[in-house]
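Asker: My structure file protein.cif, mmCIF, C-alpha atoms, is below:
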data_run
#
loop_
_atom_site.label_atom_id
_atom_site.label_comp_id
_atom_site.auth_asym_id
_atom_site.auth_seq_id
_atom_site.Cartn_x
_atom_site.Cartn_y
_atom_site.Cartn_z
CA MET A 1 134.53 145.20 97.78
CA ILE A 2 132.18 145.28 94.81
CA PHE A 3 133.85 142.19 93.43
CA SER A 4 133.42 140.27 96.68
CA PHE A 5 129.80 141.44 97.02
CA ARG A 6 129.06 140.25 93.49
CA SER A 7 130.72 136.89 94.05
CA VAL A 8 128.78 136.40 97.27
CA LYS A 9 125.56 137.37 95.49
CA ARG A 10 126.37 134.97 92.65
CA ASN A 11 127.12 132.16 95.11
CA VAL A 12 123.88 132.76 96.97
CA MET A 13 121.93 132.77 93.71
CA ILE A 14 123.57 129.57 92.56
CA SER A 15 123.01 127.85 95.86
CA SER A 16 119.53 129.27 96.55
CA SER A 17 118.03 128.04 93.30
CA PRO A 18 118.23 124.31 94.05
CA PHE A 19 117.08 125.11 97.59
CA ARG A 20 113.96 126.79 96.21
CA GLU A 21 113.40 123.86 93.87
CA GLY A 22 113.60 121.55 96.88
CA VAL A 23 111.06 123.68 98.77
CA LYS A 24 108.67 123.51 95.80
CA ALA A 25 109.12 119.75 95.48
CA ALA A 26 108.34 119.34 99.18
CA VAL A 27 104.73 120.59 98.96
CA PRO A 28 103.16 117.08 98.54
CA ILE A 29 105.24 115.90 101.52
CA TRP A 30 103.95 118.79 103.64
CA ILE A 31 100.36 117.81 102.81
CA ALA A 32 101.01 114.20 103.83
CA TYR A 33 102.92 115.29 106.94
CA ILE A 34 100.22 117.69 108.11
CA SER A 35 97.64 114.90 108.41
CA THR A 36 100.03 112.35 109.96
CA SER A 37 101.69 114.72 112.42
CA PHE A 38 98.33 116.18 113.40
CA THR A 39 97.00 112.66 114.07
CA LEU A 40 100.16 111.81 116.02
CA GLY A 41 99.64 114.88 118.23
CA ILE A 42 96.02 113.91 118.85
CA ALA A 43 97.01 110.31 119.69
CA ALA A 44 99.76 111.49 122.06
CA LYS A 45 97.15 113.45 123.99
CA ALA A 46 94.85 110.39 124.04
CA TYR A 47 97.71 108.32 125.53
CA GLY A 48 98.35 110.94 128.22
CA LEU A 49 101.70 112.25 127.02
CA HIS A 50 102.71 115.87 127.64
CA MET A 51 102.76 118.25 124.67
CA GLY A 52 106.48 118.97 125.19
CA GLU A 53 107.23 115.23 125.13
CA ILE A 54 105.59 114.53 121.79
CA VAL A 55 106.99 117.69 120.16
CA LEU A 56 110.47 116.77 121.43
CA MET A 57 109.99 113.26 120.05
CA SER A 58 109.01 114.65 116.65
CA ALA A 59 112.11 116.85 116.63
CA LEU A 60 114.54 114.16 117.78
CA VAL A 61 113.16 111.05 116.09
CA PHE A 62 111.36 112.45 112.98
CA ALA A 63 109.99 109.04 111.99
CA ALA A 64 106.24 108.45 112.12
CA PRO A 65 106.12 104.63 112.49
CA ALA A 66 108.70 104.57 115.31
CA GLN A 67 106.96 107.45 117.10
CA PHE A 68 103.60 105.75 116.76
CA ALA A 69 105.12 102.51 118.11
CA ALA A 70 106.51 104.32 121.16
CA LEU A 71 103.27 105.98 122.31
CA GLU A 72 101.67 103.06 124.12
CA PRO A 73 104.90 101.68 125.68
CA LEU A 74 105.86 105.18 126.87
CA ALA A 75 102.42 105.83 128.32
CA SER A 76 102.26 102.48 130.13
CA GLY A 77 105.85 102.60 131.40
CA LYS A 78 107.22 99.64 129.40
CA PRO A 79 110.99 98.93 129.59
CA ALA A 80 113.17 101.49 127.84
CA LEU A 81 115.15 98.68 126.19
CA GLN A 82 112.00 97.47 124.44
CA ILE A 83 111.27 100.96 123.10
CA PHE A 84 114.86 101.37 121.88
CA LEU A 85 114.80 97.97 120.19
CA VAL A 86 111.52 98.70 118.37
CA THR A 87 112.82 102.15 117.35
CA PHE A 88 116.03 100.54 116.05
CA LEU A 89 114.24 97.82 114.10
CA ILE A 90 111.62 100.08 112.53
CA ASN A 91 114.17 102.77 111.62
CA LEU A 92 116.79 100.34 110.31
CA ARG A 93 115.47 101.15 106.83
CA PHE A 94 117.16 104.55 107.13
CA LEU A 95 120.51 102.77 106.99
CA VAL A 96 119.91 101.74 103.40
CA MET A 97 118.43 105.15 102.46
CA SER A 98 121.24 107.14 104.05
CA ALA A 99 123.87 105.01 102.29
CA ALA A 100 122.08 105.35 98.95
CA ILE A 101 121.76 109.15 99.04
CA ALA A 102 125.27 109.91 100.38
CA PRO A 103 127.14 109.67 97.02
CA TYR A 104 125.02 112.50 95.60
CA PHE A 105 126.48 114.94 98.14
CA VAL A 106 130.05 114.99 96.83
CA GLY A 107 132.17 117.84 98.20
CA ILE A 108 129.94 118.65 101.18
CA LYS A 109 131.80 119.00 104.46
CA ARG A 110 131.35 116.21 106.94
CA PRO A 111 129.74 118.21 109.81
CA ALA A 112 127.03 119.50 107.44
CA LEU A 113 126.47 115.97 106.12
CA LEU A 114 126.18 114.49 109.59
CA LEU A 115 123.72 117.15 110.75
CA SER A 116 121.59 116.89 107.62
CA SER A 117 121.39 113.10 107.89
CA HIS A 118 118.92 113.68 110.74
CA LEU A 119 116.46 114.90 108.09
CA ILE A 120 116.34 111.60 106.19
CA SER A 121 112.94 109.94 106.35
CA ILE A 122 111.09 107.79 103.84
CA SER A 123 109.50 110.78 102.07
CA THR A 124 112.50 113.09 102.28
CA PHE A 125 114.63 110.29 100.82
CA ILE A 126 112.45 109.09 97.95
CA LEU A 127 111.78 112.45 96.23
CA PRO A 128 115.38 113.75 96.21
CA TYR A 129 116.78 110.32 95.34
CA VAL A 130 114.56 110.01 92.26
CA HIS A 131 115.33 113.65 91.35
CA PHE A 132 119.13 113.09 91.63
CA GLN A 133 119.01 109.91 89.59
CA LYS A 134 117.01 111.61 86.84
CA GLN A 135 119.29 114.63 86.92
CA ALA A 136 122.44 112.47 86.80
CA SER A 137 121.29 110.92 83.53
CA GLU A 138 120.38 114.31 82.02
CA VAL A 139 123.14 116.68 83.17
CA ALA A 140 126.18 116.96 80.95
CA LYS A 141 129.31 115.29 82.19
CA ALA A 142 131.13 118.63 81.86
CA GLU A 143 129.60 119.81 85.13
CA LYS A 144 131.93 119.48 88.07
CA MET A 145 131.00 116.70 90.48
CA GLU A 146 131.48 119.07 93.44
CA ASP A 147 129.08 121.67 91.98
CA ARG A 148 126.52 118.99 91.40
CA GLY A 149 127.03 117.73 94.97
CA LYS A 150 126.41 121.23 96.35
CA GLY A 151 123.30 121.70 94.21
CA ASN A 152 121.95 118.33 95.29
CA PHE A 153 122.65 119.10 98.92
CA HIS A 154 120.82 122.44 98.76
CA TYR A 155 117.90 120.78 96.99
CA PHE A 156 117.76 118.17 99.76
CA LEU A 157 117.93 120.86 102.46
CA GLY A 158 115.11 122.88 100.87
CA LEU A 159 112.92 119.80 100.80
CA ALA A 160 113.89 118.23 104.11
CA VAL A 161 114.19 121.28 106.40
CA THR A 162 110.72 122.53 105.47
CA SER A 163 109.21 119.03 105.73
CA PHE A 164 110.84 118.56 109.14
CA SER A 165 109.44 121.90 110.32
CA VAL A 166 105.95 120.98 109.13
CA TRP A 167 106.29 117.65 110.97
CA VAL A 168 107.28 119.19 114.31
CA ILE A 169 104.79 122.06 114.17
CA GLY A 170 102.00 119.71 112.97
CA THR A 171 102.52 117.47 115.99
CA GLY A 172 102.18 120.40 118.36
CA VAL A 173 99.10 121.73 116.57
CA GLY A 174 97.49 118.25 116.64
CA TYR A 175 98.07 118.01 120.37
CA TRP A 176 96.71 121.51 120.90
CA ALA A 177 93.59 120.63 118.88
CA ALA A 178 93.06 117.50 120.97
CA LEU A 179 93.07 119.67 124.11
CA HIS A 180 89.96 121.41 122.77
CA VAL A 181 88.01 118.26 121.91
CA PRO A 182 85.25 117.77 124.49
CA SER A 183 85.20 114.52 126.46
CA GLY A 184 83.17 111.65 125.01
CA PHE A 185 85.20 111.35 121.81
CA GLU A 186 87.89 109.04 123.24
CA GLU A 187 86.96 106.08 121.00
CA GLY A 188 87.35 108.08 117.81
CA LEU A 189 90.59 109.70 118.99
CA LYS A 190 92.08 106.38 120.08
CA PHE A 191 91.25 104.86 116.69
CA MET A 192 92.82 107.61 114.58
CA LEU A 193 96.54 106.77 114.62
CA PRO A 194 96.40 102.95 114.44
CA GLY A 195 93.64 103.32 111.84
CA TYR A 196 95.75 105.70 109.79
CA PHE A 197 98.79 103.45 109.91
CA ALA A 198 96.69 100.45 108.90
CA CYS A 199 95.42 102.46 105.90
CA ILE A 200 98.93 103.60 104.93
CA LEU A 201 100.24 100.05 105.31
CA THR A 202 97.46 98.74 103.06
CA SER A 203 98.42 101.13 100.29
CA GLU A 204 102.12 100.25 100.65
CA LEU A 205 101.86 96.47 100.58
CA ARG A 206 103.15 94.84 97.40
CA GLY A 207 103.15 91.09 96.86
CA LYS A 208 101.64 88.09 98.59
CA SER A 209 104.49 87.62 101.09
CA ALA A 210 104.18 91.17 102.43
CA LEU A 211 100.40 90.82 102.75
CA LEU A 212 100.68 87.44 104.49
CA ILE A 213 103.35 88.65 106.94
CA THR A 214 101.26 91.71 107.79
CA MET A 215 98.04 89.72 108.33
CA VAL A 216 99.67 87.00 110.45
CA SER A 217 101.50 89.61 112.56
CA PHE A 218 98.26 91.52 113.06
CA PHE A 219 96.36 88.47 114.33
CA ALA A 220 99.23 87.02 116.39
CA ALA A 221 100.12 90.26 118.21
CA VAL A 222 97.31 90.28 120.79
CA PRO A 223 97.64 86.61 121.91
CA ALA A 224 101.42 87.04 122.05
CA ALA A 225 101.07 90.23 124.11
CA LEU A 226 98.71 88.48 126.49
CA LEU A 227 101.29 85.69 126.94
CA ASN A 228 104.03 88.18 127.73
CA THR A 229 103.00 91.82 128.19
CA ASP A 230 106.41 93.38 127.63
CA TRP A 231 108.02 91.31 124.86
CA GLY A 232 105.37 88.94 123.48
CA TRP A 233 104.15 90.95 120.48
CA LEU A 234 107.66 92.11 119.61
CA VAL A 235 109.13 88.59 119.56
CA ALA A 236 106.12 87.38 117.55
CA ALA A 237 106.50 90.18 114.97
CA LEU A 238 110.24 89.54 114.57
CA ALA A 239 109.67 85.80 114.24
CA ILE A 240 106.86 86.19 111.68
CA GLY A 241 108.77 88.78 109.62
CA SER A 242 111.95 86.68 109.62
CA PHE A 243 110.15 83.40 108.94
CA GLY A 244 108.08 84.90 106.10
CA TRP A 245 111.18 86.37 104.49
CA GLY A 246 113.11 83.10 104.95
CA MET A 247 110.31 81.10 103.34
CA GLU A 248 110.17 83.48 100.40
CA GLN A 249 113.93 83.25 99.92
CA TRP A 250 113.73 79.46 100.03
CA ILE A 251 110.91 79.34 97.45
CA ARG A 252 112.78 81.78 95.16
CA ARG A 253 115.92 79.66 95.30
CA GLY A 254 113.88 76.51 94.59
CA SER A 255 112.22 78.04 91.53
CA ARG A 256 115.55 79.07 89.92
CA MET B 1 107.05 116.45 131.84
CA ASP B 2 108.25 113.10 133.14
CA PRO B 3 112.11 112.99 133.26
CA ALA B 4 112.12 109.20 132.65
CA ARG B 5 110.04 109.66 129.49
CA ILE B 6 112.29 112.51 128.34
CA ALA B 7 115.35 110.26 128.80
CA ILE B 8 113.70 107.52 126.71
CA ILE B 9 112.75 110.03 123.98
CA VAL B 10 116.33 111.34 123.87
CA GLY B 11 117.54 107.71 123.69
CA MET B 12 115.15 107.06 120.77
CA GLY B 13 116.55 110.14 119.06
CA LEU B 14 120.12 108.92 119.53
CA VAL B 15 119.33 105.42 118.23
CA THR B 16 117.68 106.91 115.13
CA PHE B 17 120.45 109.45 114.59
CA LEU B 18 123.10 106.70 114.71
CA ILE B 19 121.22 104.69 112.09
CA ARG B 20 121.07 107.76 109.84
CA VAL B 21 124.65 108.88 110.42
CA VAL B 22 126.60 105.60 110.24
CA PRO B 23 126.11 105.14 106.47
CA GLN B 24 127.33 108.72 105.85
CA LEU B 25 130.54 107.78 107.67
CA PHE B 26 131.13 104.21 106.57
CA PHE B 27 128.79 102.95 103.85
CA ALA B 28 128.40 105.93 101.50
CA GLY B 29 127.54 104.70 98.03
CA ARG B 30 127.36 101.10 99.07
CA SER B 31 124.30 99.25 97.84
CA PHE B 32 122.82 96.54 100.01
CA PRO B 33 121.54 93.23 98.62
CA GLU B 34 117.93 93.40 97.45
CA ALA B 35 117.06 90.52 99.81
CA PHE B 36 118.34 92.53 102.81
CA GLU B 37 116.24 95.57 101.86
CA ARG B 38 113.23 93.30 101.47
CA TYR B 39 113.91 91.76 104.90
CA LEU B 40 113.96 95.21 106.54
CA ARG B 41 110.71 96.09 104.78
CA TYR B 42 109.01 92.89 105.95
CA LEU B 43 110.22 93.44 109.51
CA SER B 44 108.72 96.92 109.61
CA TYR B 45 105.42 95.65 108.12
CA ALA B 46 105.26 92.96 110.84
CA LEU B 47 106.08 95.45 113.59
CA ILE B 48 103.61 98.09 112.43
CA ALA B 49 100.80 95.52 111.99
CA SER B 50 101.47 94.22 115.51
CA ILE B 51 101.43 97.72 116.96
CA VAL B 52 98.16 98.56 115.16
CA SER B 53 96.62 95.41 116.63
CA THR B 54 97.86 95.89 120.21
CA SER B 55 97.03 99.63 120.20
CA LEU B 56 93.46 98.92 119.14
CA PHE B 57 92.60 95.87 121.21
CA LEU B 58 94.68 96.07 124.39
CA ALA B 59 94.59 98.46 127.33
CA GLY B 60 97.87 97.68 129.10
CA PRO B 61 97.85 93.93 129.76
CA ARG B 62 94.04 93.62 129.32
CA PHE B 63 92.15 92.62 126.16
CA GLU B 64 89.26 95.06 125.64
CA ALA B 65 86.72 92.40 124.71
CA ALA B 66 83.65 94.68 124.80
CA ALA B 67 85.11 97.30 122.45
CA ALA B 68 86.98 94.86 120.17
CA PRO B 69 84.14 94.02 117.69
CA ASN B 70 83.33 97.70 117.04
CA ARG B 71 86.99 98.64 116.59
CA ALA B 72 87.64 95.63 114.33
CA PHE B 73 84.67 96.59 112.16
CA ALA B 74 85.79 100.23 112.03
CA LEU B 75 89.29 99.11 111.04
CA ALA B 76 87.98 96.82 108.29
CA VAL B 77 85.88 99.68 106.86
CA ALA B 78 88.81 102.12 107.11
CA VAL B 79 91.12 99.75 105.23
CA LEU B 80 88.49 99.06 102.55
CA VAL B 81 87.80 102.78 102.02
CA ALA B 82 91.55 103.49 101.84
CA SER B 83 92.07 100.68 99.31
CA TRP B 84 89.14 101.73 97.11
CA THR B 85 89.86 105.43 97.10
CA GLY B 86 93.65 105.24 97.40
CA ARG B 87 93.38 107.83 100.20
CA PRO B 88 94.58 106.63 103.61
CA LEU B 89 93.39 109.82 105.31
CA LEU B 90 89.83 109.34 104.07
CA GLY B 91 89.89 105.71 105.25
CA MET B 92 91.08 106.75 108.69
CA LEU B 93 88.38 109.44 108.99
CA PHE B 94 85.64 106.94 108.07
CA GLY B 95 87.05 104.45 110.58
CA ALA B 96 87.35 107.01 113.38
CA LEU B 97 83.78 108.15 112.77
CA LEU B 98 82.54 104.56 112.92
CA ALA B 99 84.62 103.78 116.03
CA GLN B 100 83.02 106.78 117.70
CA ILE B 101 79.44 106.14 116.55
CA LEU B 102 79.17 102.34 116.95
CA PRO B 103 79.34 102.29 120.79
CA TRP B 104 76.64 105.03 120.92
CA LEU B 105 74.44 103.05 118.53
CA SER B 106 74.85 99.79 120.42
CA ALA B 107 74.09 101.57 123.72
CA THR B 108 70.96 103.18 122.22
CA TRP B 109 69.56 99.95 120.75
#
Mind turning the file's structure into structure tokens?
Answerer:
Amino acid sequence: MIFSFRSVKRNVMISSSPFREGVKAAVPIWIAYISTSFTLGIAAKAYGLHMGEIVLMSALVFAAPAQFAALEPLASGKPALQIFLVTFLINLRFLVMSAAIAPYFVGIKRPALLLSSHLISISTFILPYVHFQKQASEVAKAEKMEDRGKGNFHYFLGLAVTSFSVWVIGTGVGYWAALHVPSGFEEGLKFMLPGYFACILTSELRGKSALLITMVSFFAAVPAALLNTDWGWLVAALAIGSFGWGMEQWIRRGSR
Amino acid sequence: MDPARIAIIVGMGLVTFLIRVVPQLFFAGRSFPEAFERYLRYLSYALIASIVSTSLFLAGPRFEAAAAPNRAFALAVAVLVASWTGRPLLGMLFGALLAQILPWLSATW
């Protein structure tokens, strides 16, 4: 009995330490998530969504750009297919992230892996991924791959579960706060989320191609949407993104 | 809550979950070509920029011509503040404040 209690205690200690490390590493993500999720909640109220709807979306989708993209189409009753397509295209980046992080979770059972994959977002991918890469170059080869996989997985859970919770709660709190804003502030509230995403996008853009694609898409979206309300802006964005990338590829090949 | 909206939100969740789960099942450890990753990044930049633009300047199928100059100015200031300070939140707050104040100012003058 004592033996089994000790072994359980030892296992918990071994497994809880990386978890705690993950929680500590998540603090900057929480700070970023609080402002974004809060703004998302406020915007959802401005678009006339129900609090339950936006909180459910945060829990099921857990991806700020896709959620932001869905607000207006959901509020105005646009076709579901369009919303699914935009969600798919914006979140397609998770495919690469999920594939890249998977090898660090050696020895973790498949159901746990599948459930935890829901917690992969840009922030919850980047921090653990960099941490695992750094750790892989430092840790002695003597350590069992399976032990390292478990440690990595607990680190990821500590970081991602808490960040996810902050995201979902933050959305609800943002919506609740918007309920208490007196009328007359609609312009400021409506500006907040698109303004925030524009600011985030500005800080993320690297290189002339990315800047050009973003600018052209920004200016083409409204005329394209006026031409075709449901699909115009989406087709224009896909065409501009694909064309810009194709041109860049062509120039790169030419310069080799 | 609107059942049609709930169904769409659940559908969005499923689409996103599939994207996250498929690599764990089939592509674990596989690295994608750098050009493909760049293509996905450019697509999301184009989509987000388009959504920012349509969210700010359209109300359903209608272009909000009267509000557009104020919002465009507020957006330009927000982006400049964010670039200078490196703080997107600060940029957004400046922009939201301007977007709120500018219509009052133009109505007063």
Asker: State, in Å with one decimal place, the distance from atom CA of B:Pro61 to atom CA of A:Ile200.
Answerer: 26.7 Å
Asker: Given the PyMOL selection byres ((chain B and resi 27) around 12) and the file above, list the residues it selects as a ChimeraX atom specification.
Answerer: /A:95-103 /B:19-26,28-32
Asker: The selected residues should be written to file as an mmCIF file, in the coordinates of the input (atoms: C-alpha atoms).
Answerer:
data_model
loop_
_atom_site.group_PDB
_atom_site.id
_atom_site.type_symbol
_atom_site.label_atom_id
_atom_site.label_comp_id
_atom_site.auth_asym_id
_atom_site.auth_seq_id
_atom_site.Cartn_x
_atom_site.Cartn_y
_atom_site.Cartn_z
ATOM 1 C CA LEU A 95 120.510 102.770 106.990
ATOM 2 C CA VAL A 96 119.910 101.740 103.400
ATOM 3 C CA MET A 97 118.430 105.150 102.460
ATOM 4 C CA SER A 98 121.240 107.140 104.050
ATOM 5 C CA ALA A 99 123.870 105.010 102.290
ATOM 6 C CA ALA A 100 122.080 105.350 98.950
ATOM 7 C CA ILE A 101 121.760 109.150 99.040
ATOM 8 C CA ALA A 102 125.270 109.910 100.380
ATOM 9 C CA PRO A 103 127.140 109.670 97.020
ATOM 10 C CA ILE B 19 121.220 104.690 112.090
ATOM 11 C CA ARG B 20 121.070 107.760 109.840
ATOM 12 C CA VAL B 21 124.650 108.880 110.420
ATOM 13 C CA VAL B 22 126.600 105.600 110.240
ATOM 14 C CA PRO B 23 126.110 105.140 106.470
ATOM 15 C CA GLN B 24 127.330 108.720 105.850
ATOM 16 C CA LEU B 25 130.540 107.780 107.670
ATOM 17 C CA PHE B 26 131.130 104.210 106.570
ATOM 18 C CA ALA B 28 128.400 105.930 101.500
ATOM 19 C CA GLY B 29 127.540 104.700 98.030
ATOM 20 C CA ARG B 30 127.360 101.100 99.070
ATOM 21 C CA SER B 31 124.300 99.250 97.840
ATOM 22 C CA PHE B 32 122.820 96.540 100.010
#
Asker: Could you jot down the atom CA of A:Gln249 to atom CA of B:Leu43 separation for me, Å, one decimal place?
Answerer: 14.5 Å
Asker: List the residues sitting within 12 Å of (115.8, 121.4, 97.2) in the file's frame, using only C-alpha atoms, as a PyMOL selection string.
Answerer: chain A and resi 15-27+124-125+127-129+131-132+150-163
Asker: Measuring between only C-alpha atoms, which one of A:Gly41, A:Pro223, A:Pro182, A:Gly188 shows the shortest distance to B:Pro103?
Answerer: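 So, comparing all the options, the nearest one is A:Gly188.
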Asker: Please evaluate the PyMOL selection byres ((chain B and resi 70) around 12) against the structure above and give the resulting residues as a VMD selection string.
Answerer: (chain A and resid 187 to 188 191) or (chain B and resid 56 to 57 64 to 69 71 to 77 95 to 106)
Asker: Would you save the residues from that selection as a compact mmCIF listing (two decimals), in the coordinates of the input, using C-alpha atoms?
Answerer:
# COMPACT_ATOMS: atom_id res chain seq x y z
CA GLU A 187 86.96 106.08 121.00
CA GLY A 188 87.35 108.08 117.81
CA PHE A 191 91.25 104.86 116.69
CA LEU B 56 93.46 98.92 119.14
CA PHE B 57 92.60 95.87 121.21
CA GLU B 64 89.26 95.06 125.64
CA ALA B 65 86.72 92.40 124.71
CA ALA B 66 83.65 94.68 124.80
CA ALA B 67 85.11 97.30 122.45
CA ALA B 68 86.98 94.86 120.17
CA PRO B 69 84.14 94.02 117.69
CA ARG B 71 86.99 98.64 116.59
CA ALA B 72 87.64 95.63 114.33
CA PHE B 73 84.67 96.59 112.16
CA ALA B 74 85.79 100.23 112.03
CA LEU B 75 89.29 99.11 111.04
CA ALA B 76 87.98 96.82 108.29
CA VAL B 77 85.88 99.68 106.86
CA GLY B 95 87.05 104.45 110.58
CA ALA B 96 87.35 107.01 113.38
CA LEU B 97 83.78 108.15 112.77
CA LEU B 98 82.54 104.56 112.92
CA ALA B 99 84.62 103.78 116.03
CA GLN B 100 83.02 106.78 117.70
CA ILE B 101 79.44 106.14 116.55
CA LEU B 102 79.17 102.34 116.95
CA PRO B 103 79.34 102.29 120.79
CA TRP B 104 76.64 105.03 120.92
CA LEU B 105 74.44 103.05 118.53
CA SER B 106 74.85 99.79 120.42
Asker: Between B:Ala4, B:Leu18, B:Ala49, B:Ala107, which one has atoms that come closest to chain A, using only C-alpha atoms?
Answerer: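 Distance minimum relative to chain A lands on B:Ala49.
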Asker: Within 10 Å of A:Gly232, counting all atoms listed in the file, which residues qualify if same-chain residues fewer than 6 places away don't, as a list in words?
Answerer: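 Listed by chain and then number, they are Ala220, Ala221, Val222, Pro223, Ala224, Ala225 and Leu226 of chain A.
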Asker: I would like the residues chosen by the PyMOL selection byres ((chain B and resi 8) around 12) on the shown file; could you give them as a PyMOL selection string?
Answerer: (chain A and resi 53-54+56-57+60-61+67+70-71+73-75+77-85+87) or (chain B and resi 2-7+9-15)
Asker: Let's have the selection written as a PDB file, in the frame of the given file, with C-alpha atoms.
Answerer:
ATOM      1  CA  GLU A  53     107.230 115.230 125.130  1.00  0.00           C
ATOM      2  CA  ILE A  54     105.590 114.530 121.790  1.00  0.00           C
ATOM      3  CA  LEU A  56     110.470 116.770 121.430  1.00  0.00           C
ATOM      4  CA  MET A  57     109.990 113.260 120.050  1.00  0.00           C
ATOM      5  CA  LEU A  60     114.540 114.160 117.780  1.00  0.00           C
ATOM      6  CA  VAL A  61     113.160 111.050 116.090  1.00  0.00           C
ATOM      7  CA  GLN A  67     106.960 107.450 117.100  1.00  0.00           C
ATOM      8  CA  ALA A  70     106.510 104.320 121.160  1.00  0.00           C
ATOM      9  CA  LEU A  71     103.270 105.980 122.310  1.00  0.00           C
ATOM     10  CA  PRO A  73     104.900 101.680 125.680  1.00  0.00           C
ATOM     11  CA  LEU A  74     105.860 105.180 126.870  1.00  0.00           C
ATOM     12  CA  ALA A  75     102.420 105.830 128.320  1.00  0.00           C
ATOM     13  CA  GLY A  77     105.850 102.600 131.400  1.00  0.00           C
ATOM     14  CA  LYS A  78     107.220  99.640 129.400  1.00  0.00           C
ATOM     15  CA  PRO A  79     110.990  98.930 129.590  1.00  0.00           C
ATOM     16  CA  ALA A  80     113.170 101.490 127.840  1.00  0.00           C
ATOM     17  CA  LEU A  81     115.150  98.680 126.190  1.00  0.00           C
ATOM     18  CA  GLN A  82     112.000  97.470 124.440  1.00  0.00           C
ATOM     19  CA  ILE A  83     111.270 100.960 123.100  1.00  0.00           C
ATOM     20  CA  PHE A  84     114.860 101.370 121.880  1.00  0.00           C
ATOM     21  CA  LEU A  85     114.800  97.970 120.190  1.00  0.00           C
ATOM     22  CA  THR A  87     112.820 102.150 117.350  1.00  0.00           C
TER      23      THR A  87
ATOM     24  CA  ASP B   2     108.250 113.100 133.140  1.00  0.00           C
ATOM     25  CA  PRO B   3     112.110 112.990 133.260  1.00  0.00           C
ATOM     26  CA  ALA B   4     112.120 109.200 132.650  1.00  0.00           C
ATOM     27  CA  ARG B   5     110.040 109.660 129.490  1.00  0.00           C
ATOM     28  CA  ILE B   6     112.290 112.510 128.340  1.00  0.00           C
ATOM     29  CA  ALA B   7     115.350 110.260 128.800  1.00  0.00           C
ATOM     30  CA  ILE B   9     112.750 110.030 123.980  1.00  0.00           C
ATOM     31  CA  VAL B  10     116.330 111.340 123.870  1.00  0.00           C
ATOM     32  CA  GLY B  11     117.540 107.710 123.690  1.00  0.00           C
ATOM     33  CA  MET B  12     115.150 107.060 120.770  1.00  0.00           C
ATOM     34  CA  GLY B  13     116.550 110.140 119.060  1.00  0.00           C
ATOM     35  CA  LEU B  14     120.120 108.920 119.530  1.00  0.00           C
ATOM     36  CA  VAL B  15     119.330 105.420 118.230  1.00  0.00           C
TER      37      VAL B  15
END
Asker: Hey, can you check how far atom CA of A:Ile34 sits from atom CA of B:Arg87?
Answerer: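 Interatomic distance, atom CA of A:Ile34 to atom CA of B:Arg87: 14.4 Å.
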